[in-house]
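Remarks on the structure that follows.
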Amino acid sequence: MEQMIWFLRSLILFLAFLGIFIFSQSNAVIAHSTKTSLNFDQSAKILLQSYFPKLYKIPNPGETLDIQLYGEDLKLTVIEFVPNEKISWKIEGFANYESLKEIYYFRSVENQNLVEGSAELTPKSNLSSRVIFAFFGKHWMQSENEKNLKKL
């Protein structure tokens, strides 16, 4: 009987730490950069084409595109577009994430363009989304951004 009490105490302590870990994660932010010989327009189109393959021009700020990523129907909204400096967008409609916001800054460095980007992933507030986010969110976001930057 005494072993059972210690087992229950250990289980409660483990679940308490797991709960604190899961609910303390509010969002994940990663930063990355790469150098490319492409100019601003070409780089921005390639970054957006990873979400919207048949993109002919860079959308204006506030414009919303319907995209499909991993079988999910999502909405990509361009937040800010400053030629030769910055582009940012937000993707909404994920099953387990509130939104994915990406910001890219462009600078000229030694006959090349330096593309510095950051991405912020926010989970939904339900338990299953929080568990998925805690264990897979940052890894998924890193793999997506590495795949996008390899295209440049």
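Every chain in the structure tokens takes a letter, A first, then B, and so on in the order presented; its residues are numbered from 1, and the ligands are numbered from 1 following the presented order.
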
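Look at A:Thr64: the protein and nucleic acid residues within 12 Å of it, using only C-alpha atoms and passing over chain neighbours fewer than 6 places away, are Phe52, Ile58, Leu74, Lys75, Leu76, Thr77, Val78, Ile79, Trp89, Lys90, Ile91 and Glu92 of chain A.
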
message = List as a PyMOL selection string the protein and nucleic acid residues near A:Asp73, meaning an atom at most 10 Å away when only C-alpha atoms are counted, but skip any in the same chain fewer than 2 places from it.
response = chain A and resi 66-71+75+92-95

message = Need to verify the contact set: stretch 36-44 of chain A, 12 Å, only C-alpha atoms, exclusion of same-chain residues closer than 2 positions in sequence. Can you return it as a VMD selection string?
response = chain A and resid 33 to 34 46 to 52 55 to 59 78 81 to 89 102 to 117 148 to 152

key: Picked from stretch 2-147 of chain A by DSSP as strand (DSSP E), as an NGL selection string   = :A and (28-36 or 64-69 or 72-82 or 86-92 or 97-109 or 112-123)

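Here atom CA of A:Pro123 and atom CA of A:Phe21 stand 14.0 Å from one another.
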
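Here the question is which of A:Gln3, A:Leu127, A:Asn60, A:Ile30 gets nearest to A:Trp140 using only C-alpha atoms, and that residue is A:Ile30.
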
ask   = In Å, with one decimal, what is the gap from atom CA of A:Ala119 to atom CA of A:Gln142?
value = 8.9 Å

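Counting only C-alpha atoms, the residue from A:Lys54, A:Ala134, A:Ser143, A:Glu63 that sits nearest to A:Leu18 is A:Ala134.
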
ask   = What gap, in Å, lies between atom CA of A:Pro53 and atom CA of A:Phe136?
value = 25.5 Å

ask   = Can you list every residue in stretch 17-78 of chain A that DSSP puts in alpha helix (DSSP H), as an NGL selection string?
value = :A and (17-24 or 40-49)

Selection to disk with C-alpha atoms, as a PDB file, in the first residue's frame:
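New file selection.pdb:
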ATOM      1  CA  PHE A  17       5.189  19.495 -14.288  1.00  0.00           C
ATOM      2  CA  LEU A  18       3.809  18.362 -17.640  1.00  0.00           C
ATOM      3  CA  GLY A  19       0.806  20.703 -17.235  1.00  0.00           C
ATOM      4  CA  ILE A  20       3.054  23.632 -16.330  1.00  0.00           C
ATOM      5  CA  PHE A  21       5.274  22.879 -19.345  1.00  0.00           C
ATOM      6  CA  ILE A  22       2.340  22.686 -21.736  1.00  0.00           C
ATOM      7  CA  PHE A  23       0.479  25.796 -20.559  1.00  0.00           C
ATOM      8  CA  SER A  24       3.547  27.990 -20.062  1.00  0.00           C
ATOM      9  CA  PHE A  40      13.990  41.872 -53.544  1.00  0.00           C
ATOM     10  CA  ASP A  41      11.072  41.135 -55.884  1.00  0.00           C
ATOM     11  CA  GLN A  42      12.389  37.725 -56.920  1.00  0.00           C
ATOM     12  CA  SER A  43      13.175  36.744 -53.313  1.00  0.00           C
ATOM     13  CA  ALA A  44       9.788  37.860 -52.029  1.00  0.00           C
ATOM     14  CA  LYS A  45       7.995  35.952 -54.814  1.00  0.00           C
ATOM     15  CA  ILE A  46       9.963  32.776 -54.086  1.00  0.00           C
ATOM     16  CA  LEU A  47       9.186  33.024 -50.360  1.00  0.00           C
ATOM     17  CA  LEU A  48       5.476  33.525 -51.073  1.00  0.00           C
ATOM     18  CA  GLN A  49       5.441  30.779 -53.732  1.00  0.00           C
TER      19      GLN A  49
END

request  = Check the smallest atom-to-atom distance from each of A:Met1, A:Leu121, A:Leu65, A:Leu11 to A:Asn145 using only C-alpha atoms, then report the winner.
outcome  = A:Leu121
